[in-house]
Amino acid sequence: MDIRGWRNKEALLRALYALFLGQVVSFLMAIMGFTASFIAELGVDTPLTLSFFSYLALALVYGSILLYRRQKLRVPWYWYVLLGFVDVQGNYLGGSKPLLGDLLVIGGTFFFAISNVGEEFCVKKKDRVEVVSMIGLFGTLVSVCQIAIMERKTLESVQWSAEIILTFAGYAFASFMFYTLVPFVLQMSGATMFNLSILTSDMWAVIIRIFFYHQQVDWLYYLSFAIVVVGLVIYSKTEKDPVSIPALENRNVPYQVLGEEGVESRNETIAS
């Protein structure tokens, strides 16, 4: 097999892997939606508290890895504050108060899109572990502040049971895996492909409800699922593979970061 054929095969396998991860993420998102709606059916309306446990798990697991590395942040902390804030708002708006109408849905979609693009930038430029751990850390802090303002009275009135606790744990696990896999999808194919992939989450949600509630659905659901998958395949084949940062760094091109010493050395070279 020649070099071109090998590269084409590698690109095909990479695209298939990205499609697979995208559908795993979409399935996890459907599980998150199902567990959140199930908790609401149990009479517990605490979307911020749901997110809090997810962010806390991310902060504990990936934050521990980051502390073990003992390295400085590659992205200034205040950008992670902003990213954590918009991520919390993206998870909270459109799913928590649907009766507020389209304005709330648009707001949630806006924050969710900003979060995805910001996370894609950080993941591709810097480090996945750092990004996820910082989202977990600042997402936890933002969630705590909003819970104290918006959900404190609701939490006090909740009659906790084993069923509710297990559902919270299921949501936290699905959300933890979701945030763990999303950086891989963003790094491999970008935010556009990620957002296209999660279009199938509604179809996965229907399948989950069929499994749990034995509901009957129209065949058009399966047709729409197939159409979305075909669209994803077409997009993944026509998408141009962006040049990654490591590839640029591996080129044999000398470079120097100009600080004060670099400027002085350059001036001395010019003077001589």
# chains A, B, ... in the order shown; residues from 1 in each chain; ligands from 1
$ select_by_dssp --residues "stretch 120-215 of chain A" --states "alpha helix (DSSP H)" --output "PyMOL selection string"
chain A and resi 120-125+128-146+152-156+162-197+201-213
$ residues_around --residues "A:Phe53" --least-positions-apart "3" --cutoff "6 Å" --atoms "only C-alpha atoms" --output "VMD selection string"
chain A and resid 50 56 172
$ closest_residue --among "A:Asn8, A:Gln23, A:Gln146, A:Thr154" --to "A:Val44" --atoms "only C-alpha atoms"
A:Thr154
$ residues_around --residues "stretch 175-186 of chain A" --least-positions-apart "2" --cutoff "9 Å" --atoms "only C-alpha atoms" --output "PyMOL selection string"
chain A and resi 18-19+21-22+24-26+28-29+31-32+51+54-55+57-58+116-117+119-121+123-124+128-129+131-132+170-173+188-194
$ atom_distance --atom1 "atom CA of A:Ser161" --atom2 "atom CA of A:Ala40"
13.9 Å
$ residues_around --residues "A:Gly43" --least-positions-apart "3" --cutoff "12 Å" --atoms "only C-alpha atoms" --output "ChimeraX atom specification"
/A:36-40,46,154-155,157-161,163-164
$ atom_distance --atom1 "atom CA of A:Ser143" --atom2 "atom CA of A:Tyr62"
18.0 Å
$ atom_distance --atom1 "atom CA of A:Ala15" --atom2 "atom CA of A:Gly84"
29.2 Å
$ residues_around --residues "stretch 227-233 of chain A" --least-positions-apart "3" --cutoff "10 Å" --atoms "only C-alpha atoms" --output "list in words"
Ala15, Leu16, Leu19, Gly22, Gln23, Met193, Phe194, Leu196, Ser197, Ile198, Leu199, Thr200, Met203, Tyr221, Tyr222, Leu223, Ser224, Ser236, Lys237, Thr238 and Glu239 of chain A
$ write_last_selection --atoms "C-alpha atoms" --output "short mmCIF file (atom, residue, chain, number, x, y, z; two decimals), in the first residue's frame"
data_model
loop_
_atom_site.label_atom_id
_atom_site.label_comp_id
_atom_site.auth_asym_id
_atom_site.auth_seq_id
_atom_site.Cartn_x
_atom_site.Cartn_y
_atom_site.Cartn_z
CA ALA A 15 -13.57 9.78 10.79
CA LEU A 16 -15.35 6.57 11.82
CA LEU A 19 -18.52 9.42 14.45
CA GLY A 22 -20.01 11.48 18.74
CA GLN A 23 -22.82 8.95 19.05
CA MET A 193 -19.26 18.10 14.20
CA PHE A 194 -20.01 17.78 17.90
CA LEU A 196 -24.26 17.82 14.57
CA SER A 197 -23.61 14.57 16.42
CA ILE A 198 -25.84 15.45 19.35
CA LEU A 199 -28.75 15.99 16.97
CA THR A 200 -29.36 12.27 17.38
CA MET A 203 -33.63 9.68 18.81
CA TYR A 221 -38.35 8.41 14.05
CA TYR A 222 -36.06 5.71 12.76
CA LEU A 223 -36.02 7.30 9.31
CA SER A 224 -35.01 10.67 10.76
CA SER A 236 -17.14 13.92 8.13
CA LYS A 237 -15.94 12.86 4.66
CA THR A 238 -16.02 16.39 3.23
CA GLU A 239 -14.64 18.18 6.28
#
$ closest_residue --among "A:Leu42, A:Met150, A:Ala205, A:Leu220" --to "A:Phe27" --atoms "only C-alpha atoms"
A:Ala205
$ closest_residue --among "A:Ala174, A:Leu82, A:Ile207, A:Leu67" --to "A:Leu141" --atoms "only C-alpha atoms"
A:Leu82
$ residues_around --residues "A:Leu60" --least-positions-apart "4" --cutoff "10 Å" --atoms "only C-alpha atoms" --output "PyMOL selection string"
chain A and resi 55-56+64-66+133+136-137
